[in-house]
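Report on one structure; see the data block that follows.
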Amino acid sequence: MTKHFRSVLAILLMCAGMLPWLSRAQEQIDARFTVHVVQRGENLFRIALQYNLFAEQVAAANGITDSNSIVVGQRLIIPLATDGMDQRLTHIVAAGETLASIAAAYSRSAADLIALNNLESGEAIYVGQELVIVAGSAEPEVTPIAIQPTATADGNAPVTATPSPSLAASQHSFARNGSMSATFVHTVASGDTLFEIGLRYDLTVEALVHTNNLRNPDALSVGQKLIIPGIQLPRLAQVLPAVVDSFTIDPLVLETGRSARIELLTNEPVRLAGQFLNQDLHVIARDNGKRHNVLVGVPMFTAKAVYPLQLQLRYRNGESESVSANLQVIGGGYGYQSITLNDNELLAPAIEEAEIALLVEQTSGFTPERSWSDSLSLPAAAAMNAVFGTLRSYNGSEYNRYHRGVDFAGPPGTSVLAAAEGRVILADRLHIRGNTTVIDHGWGVYTLYAHQQETLVQAGEIVSSGQVIGTIGSTGRSTGPHLHWEVWLNGVNVDPLQWVRQVFP
Ligand SMILES: [Zn+2]
């Protein structure tokens, strides 16, 4: 801290104590503030984030109307949990955090957080949950001033210091985990454009497109999660075994019918096993057992609830430790469709069930080598005319069936293309899907092509990405020529377009 800075602070502190006639707005600037000196490369958003505030709050506290007008060296008053702002200070739970560790990071008690968030005592928190963090009844301790990266005692990567006075006490548990960066995620709101989001975070549209691998930057959907690169979350309260460098769940909140990835990085080789949704997970181990990925497909009719993810780490010396996180599953936001058919058009459920059972069996195998490295490519040069997941009712039944793929309408004979390299494991005529091809891409990922006029490859053949494997037709239960394209992950039907937009893992 510079001498000059100290004196400015002293003056501000004195002013706050000595001017009882200040207006109400100014009275709030008492001991509950700190001062931040604007550094090169900072903007209001980044500064606010360091203090767990919104840019608007910092702007309001300083009478700033144009958020682009701040300059290097400018001193900004940073409100710290003033009354009225308490409810807006929240923390998004990350994997590896506990109520106790979050409470400690903000110098609160777990009981405070339980009360503030109307939690039942002992109630589990879950990844992605937004917890209200409040100052509590006690007067704040001395307000720390500058935010500086702090080198840790044992020489690990620096951690970001926060205004929390308790940080020093809890720093050991932060430091031993090495780099503690977390991914900052922006959830697209109605009316958001990439340009506006970029402005808000001081990023170019290109940076957002690149980081999020957006194929169509004009087609943002409300609720879509965008990774904001280059931003470190101000507070992370992970409590993880010393061997764990990072633990990531992406996205933080899981959706029915969609895929997610789990990543655990360790600083020594471990063997990882795990369970989620009552299934043993297929763990992909790389980098000599230091990088572990799991691809999870959430079945469409999974009840919306919070489920435990359990991971077991086994070390070379035979010892083991476990890591767990509670993951929330929400609905994928699919549409509904009511279909009326004549009795003789209605299919006996047994036929459909038998075909699904066959496909589950075919796509539940795990080939340890993968043969894709990019996102999946589209399987036909044809217009998409039906999306994945639409819930269907037949003749007034429950909405207990859904559209398991994406449809592409094209004239008969249009080429059907392999979405990625892989090995054909099925090329056969099925009752509902007609002439069907299934390709195994490794790591539990499969693509399926249905209603083809002709299949041009056979089981056992290796195909390359974009190779013509058949032609569009209308075989099986189909009302007109189209390609019905499915993606299966570990025996679970998932939204194919997520795999077109995003690179897994
Ligand atoms: Zn279809």
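Each chain in the structure tokens gets a letter, A, B, ..., in the order shown, and its residues are numbered from 1; ligands are numbered from 1 in order too.
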
**OP:** Excluding Gly365 of chain A and residues on its chain fewer than 3 positions from it, collect all residues at most 7 Å away from it, counting only C-alpha atoms, and give them as a PyMOL selection string.
**Re:** chain A and resi 362+444+490

Closest atom pairs, chain A residues within 8 Å of ligand 1, only C-alpha atoms and all ligand atoms, as a Markdown table:
| residue | atom | partner | partner_atom_place_in_ligand_line | distance |
| --- | --- | --- | --- | --- |
| A:Ala386 | CA | ligand 1 | 1 (Zn) | 6.7 |
| A:Val387 | CA | ligand 1 | 1 (Zn) | 7.9 |
| A:Phe388 | CA | ligand 1 | 1 (Zn) | 7.9 |
| A:His403 | CA | ligand 1 | 1 (Zn) | 6.1 |
| A:Arg404 | CA | ligand 1 | 1 (Zn) | 6.7 |
| A:Gly405 | CA | ligand 1 | 1 (Zn) | 5.3 |
| A:Val406 | CA | ligand 1 | 1 (Zn) | 5.5 |
| A:Asp407 | CA | ligand 1 | 1 (Zn) | 4.7 |
| A:His482 | CA | ligand 1 | 1 (Zn) | 8.0 |
| A:Leu483 | CA | ligand 1 | 1 (Zn) | 7.2 |
| A:His484 | CA | ligand 1 | 1 (Zn) | 4.2 |
| A:Trp485 | CA | ligand 1 | 1 (Zn) | 6.8 |

Could you turn the residues from that selection into a file that holds C-alpha atoms, as an mmCIF file, in the first residue's frame?
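Printed below is out19.cif as written:
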data_model
loop_
_atom_site.group_PDB
_atom_site.id
_atom_site.type_symbol
_atom_site.label_atom_id
_atom_site.label_comp_id
_atom_site.auth_asym_id
_atom_site.auth_seq_id
_atom_site.Cartn_x
_atom_site.Cartn_y
_atom_site.Cartn_z
ATOM 1 C CA ALA A 386 -37.846 -30.969 -35.793
ATOM 2 C CA VAL A 387 -35.738 -30.605 -32.670
ATOM 3 C CA PHE A 388 -34.891 -33.027 -29.912
ATOM 4 C CA HIS A 403 -38.728 -36.983 -29.931
ATOM 5 C CA ARG A 404 -35.415 -38.726 -29.505
ATOM 6 C CA GLY A 405 -33.520 -37.007 -32.288
ATOM 7 C CA VAL A 406 -33.309 -34.090 -34.690
ATOM 8 C CA ASP A 407 -35.005 -34.289 -38.091
ATOM 9 C CA HIS A 482 -36.300 -37.198 -43.732
ATOM 10 C CA LEU A 483 -33.246 -38.113 -41.713
ATOM 11 C CA HIS A 484 -33.898 -38.699 -38.027
ATOM 12 C CA TRP A 485 -30.565 -38.251 -36.229
#

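Proximity to Ser364 of chain A was assessed for A:Asn317, A:Ser259, A:Ser393, A:Asn493 counting only C-alpha atoms; the smallest distance is recorded for A:Asn493.
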
Original post:
Which residue gives the smallest distance to Glu130 of chain A among A:Thr204, A:Asn212, A:Ile284, A:Val253, with only C-alpha atoms counted?
Top reply: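 Comparing A:Thr204, A:Asn212, A:Ile284, A:Val253 against Glu130 of chain A, the winner is A:Val253.
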
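Residues in contact range of segment 421-430 of chain A, defined as at most 8 Å between only C-alpha atoms, with sequence neighbours fewer than 2 positions away removed, read Glu355, Gln362, Ser371, Trp372, Ala418, Ala419, Ile432, Arg433, Gly434, Asn435, Thr436, Thr437, Val438, Ile439, Asp440, His441, Gly442, Thr455, Val457, Gln458, Ala459, Gly460, Glu461, Ile462, Val463, Ser464, Ser465 and Gly476 of chain A.
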
Subject >> All strand (DSSP E) residues (DSSP, backbone) inside segment 422-499 of chain A, as a ChimeraX atom specification >> reply: /A:422-430,434-442,445-455,462-463,468-472,482-489,492-494

Those residues you just picked out, can you put them in a file as a compact mmCIF listing (two decimals), in the first residue's frame with N, CA and C atoms?
# COMPACT_ATOMS: atom_id res chain seq x y z
N GLY A 422 -15.65 -42.89 -36.70
CA GLY A 422 -16.07 -43.93 -35.75
C GLY A 422 -16.19 -45.28 -36.42
N ARG A 423 -16.71 -46.22 -35.66
CA ARG A 423 -16.87 -47.58 -36.17
C ARG A 423 -18.36 -47.92 -36.23
N VAL A 424 -18.82 -48.37 -37.37
CA VAL A 424 -20.23 -48.75 -37.51
C VAL A 424 -20.48 -50.00 -36.67
N ILE A 425 -21.48 -49.93 -35.79
CA ILE A 425 -21.77 -51.12 -34.98
C ILE A 425 -23.12 -51.73 -35.34
N LEU A 426 -23.92 -50.98 -36.11
CA LEU A 426 -25.23 -51.51 -36.51
C LEU A 426 -25.62 -50.88 -37.84
N ALA A 427 -26.02 -51.71 -38.78
CA ALA A 427 -26.58 -51.21 -40.05
C ALA A 427 -27.66 -52.22 -40.40
N ASP A 428 -28.90 -51.86 -40.08
CA ASP A 428 -29.95 -52.87 -40.11
C ASP A 428 -31.30 -52.18 -40.33
N ARG A 429 -32.31 -52.99 -40.64
CA ARG A 429 -33.66 -52.44 -40.79
C ARG A 429 -34.42 -52.66 -39.48
N LEU A 430 -34.81 -51.56 -38.84
CA LEU A 430 -35.55 -51.65 -37.58
C LEU A 430 -37.02 -51.32 -37.85
N GLY A 434 -36.66 -47.83 -39.37
CA GLY A 434 -36.35 -48.22 -40.75
C GLY A 434 -34.87 -48.55 -40.90
N ASN A 435 -34.32 -48.23 -42.08
CA ASN A 435 -32.91 -48.52 -42.32
C ASN A 435 -32.05 -47.61 -41.44
N THR A 436 -31.36 -48.24 -40.51
CA THR A 436 -30.70 -47.50 -39.44
C THR A 436 -29.22 -47.84 -39.37
N THR A 437 -28.40 -46.80 -39.14
CA THR A 437 -26.97 -47.00 -38.94
C THR A 437 -26.61 -46.43 -37.58
N VAL A 438 -25.80 -47.15 -36.81
CA VAL A 438 -25.30 -46.64 -35.53
C VAL A 438 -23.78 -46.65 -35.59
N ILE A 439 -23.16 -45.51 -35.23
CA ILE A 439 -21.69 -45.40 -35.23
C ILE A 439 -21.21 -45.19 -33.80
N ASP A 440 -20.20 -45.96 -33.40
CA ASP A 440 -19.54 -45.81 -32.09
C ASP A 440 -18.34 -44.88 -32.27
N HIS A 441 -18.37 -43.75 -31.57
CA HIS A 441 -17.27 -42.78 -31.68
C HIS A 441 -16.29 -42.90 -30.52
N GLY A 442 -16.51 -43.84 -29.63
CA GLY A 442 -15.62 -44.00 -28.48
C GLY A 442 -16.07 -43.15 -27.30
N VAL A 445 -19.87 -42.45 -26.74
CA VAL A 445 -20.66 -41.58 -27.62
C VAL A 445 -21.02 -42.31 -28.91
N TYR A 446 -22.30 -42.27 -29.27
CA TYR A 446 -22.80 -42.96 -30.46
C TYR A 446 -23.72 -42.01 -31.24
N THR A 447 -23.71 -42.14 -32.56
CA THR A 447 -24.70 -41.42 -33.37
C THR A 447 -25.52 -42.44 -34.15
N LEU A 448 -26.78 -42.07 -34.40
CA LEU A 448 -27.73 -42.98 -35.07
C LEU A 448 -28.43 -42.23 -36.21
N TYR A 449 -28.62 -42.91 -37.32
CA TYR A 449 -29.20 -42.33 -38.53
C TYR A 449 -30.36 -43.22 -38.96
N ALA A 450 -31.58 -42.65 -39.01
CA ALA A 450 -32.76 -43.50 -39.22
C ALA A 450 -33.55 -43.11 -40.48
N HIS A 451 -34.45 -43.99 -40.88
CA HIS A 451 -35.37 -43.85 -42.03
C HIS A 451 -34.65 -43.75 -43.36
N GLN A 452 -33.41 -44.26 -43.44
CA GLN A 452 -32.64 -44.13 -44.68
C GLN A 452 -33.24 -44.97 -45.81
N GLN A 453 -33.10 -44.43 -47.01
CA GLN A 453 -33.51 -45.18 -48.19
C GLN A 453 -32.53 -46.35 -48.38
N GLU A 454 -31.27 -46.01 -48.20
CA GLU A 454 -30.21 -46.98 -48.43
C GLU A 454 -29.14 -46.80 -47.38
N THR A 455 -28.57 -47.87 -46.87
CA THR A 455 -27.38 -47.75 -46.02
C THR A 455 -26.18 -48.21 -46.84
N ILE A 462 -14.95 -48.87 -40.44
CA ILE A 462 -14.54 -47.59 -39.87
C ILE A 462 -14.92 -46.50 -40.87
N VAL A 463 -15.60 -45.46 -40.39
CA VAL A 463 -15.99 -44.36 -41.28
C VAL A 463 -15.32 -43.08 -40.81
N VAL A 468 -20.07 -40.24 -46.69
CA VAL A 468 -21.44 -40.60 -47.05
C VAL A 468 -21.69 -42.03 -46.59
N ILE A 469 -22.66 -42.20 -45.67
CA ILE A 469 -22.92 -43.54 -45.13
C ILE A 469 -24.29 -44.08 -45.55
N GLY A 470 -25.08 -43.24 -46.23
CA GLY A 470 -26.40 -43.68 -46.66
C GLY A 470 -27.13 -42.55 -47.37
N THR A 471 -28.42 -42.75 -47.62
CA THR A 471 -29.21 -41.70 -48.26
C THR A 471 -30.52 -41.51 -47.51
N ILE A 472 -31.04 -40.30 -47.60
CA ILE A 472 -32.30 -39.98 -46.94
C ILE A 472 -33.45 -40.74 -47.59
N HIS A 482 -37.10 -38.04 -44.62
CA HIS A 482 -36.30 -37.20 -43.73
C HIS A 482 -35.26 -38.07 -43.04
N LEU A 483 -34.23 -37.42 -42.54
CA LEU A 483 -33.25 -38.11 -41.71
C LEU A 483 -33.57 -37.81 -40.26
N HIS A 484 -33.72 -38.85 -39.47
CA HIS A 484 -33.90 -38.70 -38.03
C HIS A 484 -32.55 -39.07 -37.41
N TRP A 485 -31.95 -38.09 -36.72
CA TRP A 485 -30.56 -38.25 -36.23
C TRP A 485 -30.55 -38.22 -34.71
N GLU A 486 -29.95 -39.23 -34.11
CA GLU A 486 -29.88 -39.30 -32.65
C GLU A 486 -28.44 -39.34 -32.16
N VAL A 487 -28.23 -38.86 -30.93
CA VAL A 487 -26.95 -39.04 -30.25
C VAL A 487 -27.22 -39.78 -28.95
N TRP A 488 -26.45 -40.80 -28.70
CA TRP A 488 -26.57 -41.58 -27.46
C TRP A 488 -25.26 -41.46 -26.69
N LEU A 489 -25.38 -41.27 -25.38
CA LEU A 489 -24.21 -41.17 -24.52
C LEU A 489 -24.38 -42.18 -23.38
N VAL A 492 -27.82 -43.40 -23.04
CA VAL A 492 -28.85 -42.39 -22.77
C VAL A 492 -29.00 -41.51 -24.01
N ASN A 493 -30.25 -41.32 -24.44
CA ASN A 493 -30.56 -40.42 -25.55
C ASN A 493 -30.34 -38.98 -25.14
N VAL A 494 -29.51 -38.25 -25.86
CA VAL A 494 -29.26 -36.84 -25.49
C VAL A 494 -29.46 -35.92 -26.68

Subject >> Secondary structure check, alpha helix (DSSP H) residues of segment 206-453 of chain A, as a PyMOL selection string >> reply: chain A and resi 206-212+349-362

Within 8 Å of Ser324 of chain A using only C-alpha atoms, minus same-chain residues under 3 positions, as an mmCIF file with N, CA and C atoms, in the first residue's frame:
data_model
loop_
_atom_site.group_PDB
_atom_site.id
_atom_site.type_symbol
_atom_site.label_atom_id
_atom_site.label_comp_id
_atom_site.auth_asym_id
_atom_site.auth_seq_id
_atom_site.Cartn_x
_atom_site.Cartn_y
_atom_site.Cartn_z
ATOM 1 N N GLY A 96 -17.393 -28.919 -4.675
ATOM 2 C CA GLY A 96 -16.344 -28.994 -3.661
ATOM 3 C C GLY A 96 -16.546 -28.031 -2.510
ATOM 4 N N PRO A 308 -26.850 -36.794 -5.592
ATOM 5 C CA PRO A 308 -25.430 -36.792 -5.230
ATOM 6 C C PRO A 308 -24.554 -37.371 -6.341
ATOM 7 N N LEU A 309 -23.435 -36.706 -6.567
ATOM 8 C CA LEU A 309 -22.367 -37.253 -7.402
ATOM 9 C C LEU A 309 -21.288 -37.730 -6.440
ATOM 10 N N GLN A 310 -20.919 -38.990 -6.534
ATOM 11 C CA GLN A 310 -19.911 -39.548 -5.631
ATOM 12 C C GLN A 310 -18.692 -39.915 -6.441
ATOM 13 N N LEU A 311 -17.535 -39.471 -6.001
ATOM 14 C CA LEU A 311 -16.282 -39.844 -6.669
ATOM 15 C C LEU A 311 -15.342 -40.457 -5.639
#

Original post:
What's the 8 Å shell around Leu391 of chain A, counting only C-alpha atoms, without same-chain residues fewer than 4 positions away, as a VMD selection string?
Top reply: chain A and resid 334 to 337 399 to 403

**OP:** List the neighbours of Val72 of chain A out to 8 Å using only C-alpha atoms; skip same-chain residues closer than 2 positions along the sequence, and give me the result as a ChimeraX atom specification.
**Re:** /A:37-40,70,74

**OP:** Determine, counting only C-alpha atoms, which protein, DNA and RNA residues have an atom within 9 Å of an atom of Leu76 of chain A; residues of the same chain fewer than 2 positions away are not included. Present the result as a list in words.
**Re:** Thr34, Val35, His36, Val37, Val38, Val58, Ala59, Ala61, Asn62, Gln74 and Ile78 of chain A

**OP:** Enter the distance from atom CA of Val329 of chain A to atom CA of Ala305 of chain A, in Å, rounded to one decimal.
**Re:**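 Straight-line distance from atom CA of Val329 of chain A to atom CA of Ala305 of chain A works out to 5.5 Å.
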